[in-house]
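The structure appears below as structure tokens.
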Amino acid sequence: MNGQSNDTDQLSIPAKACRILARHGHNDFTLGHVSHRAEDGSGFWMKRNAIGLSEVRGDDDFVLMDFEGRKIRGAGNNHSEWPIHSEIYLARPDVKAVAHTHPFHGCVMSGLDEDLDPYTLAADYFAAVPRFHDDAALIQTRQQGHALAQALGPHFVVSMANHGVTSCGRSIEQMVCNAIFYEQACKAHLTGRASGRAASPIKPAVRQIRHSQVMTDSHISQTWAFLLREEARACEPK
Ligand SMILES: [Zn+2]
């Protein structure tokens with residue numbers, strides 16, 4: 001991996017995922033981490049610590065961790081919140097990618113004890129995202145990670161009270177879209193509430209239809225293709 005190139009074609013997909021998340025509201029200096037499940041079942045590749053999501057350039061910026069928190073491969077150190085990732089992978093065999101981030105609106109929303117109002121399609125879709133409460137600021141033990149995974153349940157996003165958000169996906173692409181769309185949803189909810197006007201209610205049967213029409217595989221793949229083009233344009237020499 002060429003760590004100096006601006007050519008996005010040289011970036012790995014996990015690196016692009018980090019940079020795309022950073023571009024869409026998930027950057028918080030060097031905080032936040034992204035992982036993807038290792039194909040051989042040995043554990044998961046996790047972004048190394050001490051660099052921001054926007055600074056990730058390639059596979060060299062990830063370390064391979066096992067489910068006990070031991071670093072198997074890679075240079076650099078791992079984030080201390082590795083149990084967020086390990087316990088979700090253990091609890092959810094369908095999940096292939098996880099991101100824990102501090103998006104501004106998602107973080108503010110995590111401090112509110114309320115569901116999202118249906119101001120937009122995304123806000124309606126993510127209305128019932130579960131909320132996880134913990135006494136500690138950081139998830140650094142397997143027990144805490146397990147509790148977070150339990151709170152996540154069958155969902156793909158869990159709000160971490162007064163802290164941040166953890167997003168998952170059956171693929172890296174789906175994880176990125178869930179994370180970005182949830183942040184959009186929180187922004188819509190907070191903006192709508194700040195306007196002082198209530199969102200129009202949606203009947204349960206109508207919601208069911210609407211939900212089946214959003215976050216489809218084709219929407220995810222088209223959004224991902226757009227995000228890759230956008231990242232490539234941003235990296236073009238000026
Ligand atoms: Zn955090």
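Identifiers in this document derive from the order of the structure tokens: chains are assigned A, B, ..., residues are numbered from 1 separately in each chain, and ligands are numbered from 1 in order of occurrence.
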Could you produce a table of the residues of chain A lying within 12 Å of ligand 1, with the nearest pair of atoms per residue and their separation in Å rounded to one decimal, using only C-alpha atoms and all ligand atoms, ordered by chain and increasing residue number, as JSON lines?
{"residue": "A:His26", "atom": "CA", "partner": "ligand 1", "partner_atom_place_in_ligand_line": "1 (Zn)", "distance": 11.1}
{"residue": "A:Asn27", "atom": "CA", "partner": "ligand 1", "partner_atom_place_in_ligand_line": "1 (Zn)", "distance": 11.4}
{"residue": "A:Asp28", "atom": "CA", "partner": "ligand 1", "partner_atom_place_in_ligand_line": "1 (Zn)", "distance": 9.4}
{"residue": "A:Phe29", "atom": "CA", "partner": "ligand 1", "partner_atom_place_in_ligand_line": "1 (Zn)", "distance": 11.6}
{"residue": "A:Thr30", "atom": "CA", "partner": "ligand 1", "partner_atom_place_in_ligand_line": "1 (Zn)", "distance": 10.6}
{"residue": "A:Leu31", "atom": "CA", "partner": "ligand 1", "partner_atom_place_in_ligand_line": "1 (Zn)", "distance": 6.9}
{"residue": "A:Gly32", "atom": "CA", "partner": "ligand 1", "partner_atom_place_in_ligand_line": "1 (Zn)", "distance": 6.2}
{"residue": "A:His33", "atom": "CA", "partner": "ligand 1", "partner_atom_place_in_ligand_line": "1 (Zn)", "distance": 8.6}
{"residue": "A:Val34", "atom": "CA", "partner": "ligand 1", "partner_atom_place_in_ligand_line": "1 (Zn)", "distance": 11.6}
{"residue": "A:His79", "atom": "CA", "partner": "ligand 1", "partner_atom_place_in_ligand_line": "1 (Zn)", "distance": 10.3}
{"residue": "A:Ser80", "atom": "CA", "partner": "ligand 1", "partner_atom_place_in_ligand_line": "1 (Zn)", "distance": 10.2}
{"residue": "A:Glu81", "atom": "CA", "partner": "ligand 1", "partner_atom_place_in_ligand_line": "1 (Zn)", "distance": 8.0}
{"residue": "A:Trp82", "atom": "CA", "partner": "ligand 1", "partner_atom_place_in_ligand_line": "1 (Zn)", "distance": 11.1}
{"residue": "A:Ile84", "atom": "CA", "partner": "ligand 1", "partner_atom_place_in_ligand_line": "1 (Zn)", "distance": 9.9}
{"residue": "A:Ala99", "atom": "CA", "partner": "ligand 1", "partner_atom_place_in_ligand_line": "1 (Zn)", "distance": 10.1}
{"residue": "A:His100", "atom": "CA", "partner": "ligand 1", "partner_atom_place_in_ligand_line": "1 (Zn)", "distance": 6.4}
{"residue": "A:Thr101", "atom": "CA", "partner": "ligand 1", "partner_atom_place_in_ligand_line": "1 (Zn)", "distance": 5.9}
{"residue": "A:His102", "atom": "CA", "partner": "ligand 1", "partner_atom_place_in_ligand_line": "1 (Zn)", "distance": 6.1}
{"residue": "A:Pro103", "atom": "CA", "partner": "ligand 1", "partner_atom_place_in_ligand_line": "1 (Zn)", "distance": 9.8}
{"residue": "A:Phe104", "atom": "CA", "partner": "ligand 1", "partner_atom_place_in_ligand_line": "1 (Zn)", "distance": 11.8}
{"residue": "A:Gly106", "atom": "CA", "partner": "ligand 1", "partner_atom_place_in_ligand_line": "1 (Zn)", "distance": 11.5}
{"residue": "A:Cys107", "atom": "CA", "partner": "ligand 1", "partner_atom_place_in_ligand_line": "1 (Zn)", "distance": 9.4}
{"residue": "A:Ser110", "atom": "CA", "partner": "ligand 1", "partner_atom_place_in_ligand_line": "1 (Zn)", "distance": 11.5}
{"residue": "A:Asp134", "atom": "CA", "partner": "ligand 1", "partner_atom_place_in_ligand_line": "1 (Zn)", "distance": 11.9}
{"residue": "A:Ala136", "atom": "CA", "partner": "ligand 1", "partner_atom_place_in_ligand_line": "1 (Zn)", "distance": 10.7}
{"residue": "A:Ala137", "atom": "CA", "partner": "ligand 1", "partner_atom_place_in_ligand_line": "1 (Zn)", "distance": 7.6}
{"residue": "A:Leu138", "atom": "CA", "partner": "ligand 1", "partner_atom_place_in_ligand_line": "1 (Zn)", "distance": 6.4}
{"residue": "A:Ile139", "atom": "CA", "partner": "ligand 1", "partner_atom_place_in_ligand_line": "1 (Zn)", "distance": 8.1}
{"residue": "A:Gln140", "atom": "CA", "partner": "ligand 1", "partner_atom_place_in_ligand_line": "1 (Zn)", "distance": 10.7}
{"residue": "A:Ser159", "atom": "CA", "partner": "ligand 1", "partner_atom_place_in_ligand_line": "1 (Zn)", "distance": 10.7}
{"residue": "A:Met160", "atom": "CA", "partner": "ligand 1", "partner_atom_place_in_ligand_line": "1 (Zn)", "distance": 8.4}
{"residue": "A:Ala161", "atom": "CA", "partner": "ligand 1", "partner_atom_place_in_ligand_line": "1 (Zn)", "distance": 10.3}
{"residue": "A:Asn162", "atom": "CA", "partner": "ligand 1", "partner_atom_place_in_ligand_line": "1 (Zn)", "distance": 9.8}
{"residue": "A:His163", "atom": "CA", "partner": "ligand 1", "partner_atom_place_in_ligand_line": "1 (Zn)", "distance": 6.0}
{"residue": "A:Gly164", "atom": "CA", "partner": "ligand 1", "partner_atom_place_in_ligand_line": "1 (Zn)", "distance": 5.6}
{"residue": "A:Val165", "atom": "CA", "partner": "ligand 1", "partner_atom_place_in_ligand_line": "1 (Zn)", "distance": 7.5}
{"residue": "A:Thr166", "atom": "CA", "partner": "ligand 1", "partner_atom_place_in_ligand_line": "1 (Zn)", "distance": 8.6}
{"residue": "A:Ser167", "atom": "CA", "partner": "ligand 1", "partner_atom_place_in_ligand_line": "1 (Zn)", "distance": 11.9}
When you count only C-alpha atoms, which of these residues is closest to Gln150 of chain A: A:Ala199, A:Glu173, A:Ile180, A:Pro130?
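Nearest to Gln150 of chain A: A:Pro130.
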One number please: atom CA of Ala75 of chain A to atom CA of Asp60 of chain A, in Å, one decimal.
7.1 Å
Enumerate the residues of segment 35-205 of chain A with a DSSP assignment of alpha helix (DSSP H), computed from the backbone, and present them as a ChimeraX atom specification.
/A:82-91,104-110,121-125,142-152,172-194,204-205
When you look at Glu87 of chain A with a cut-off of 9 Å (counting only C-alpha atoms), what residues show up, excluding the ones that are within fewer than 6 positions of it in the same chain? I need them as a list of chain:residue names.
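Returned residues: A:Phe67, A:Arg142, A:Gln143, A:Gln144, A:Gly145, A:His146, A:Ala147, A:Leu148, A:Ala149.
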Could you give me, as a VMD selection string, each residue of segment 52-129 of chain A that DSSP assigns to strand (DSSP E or B) when run on this structure's backbone?
chain A and resid 62 to 65 71 to 73 78 97 to 101
Just to confirm, what's the straight-line distance from atom CA of Leu121 of chain A to atom CA of Tyr182 of chain A in Å (one decimal)?
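Atom CA of Leu121 of chain A sits 10.6 Å away from atom CA of Tyr182 of chain A.
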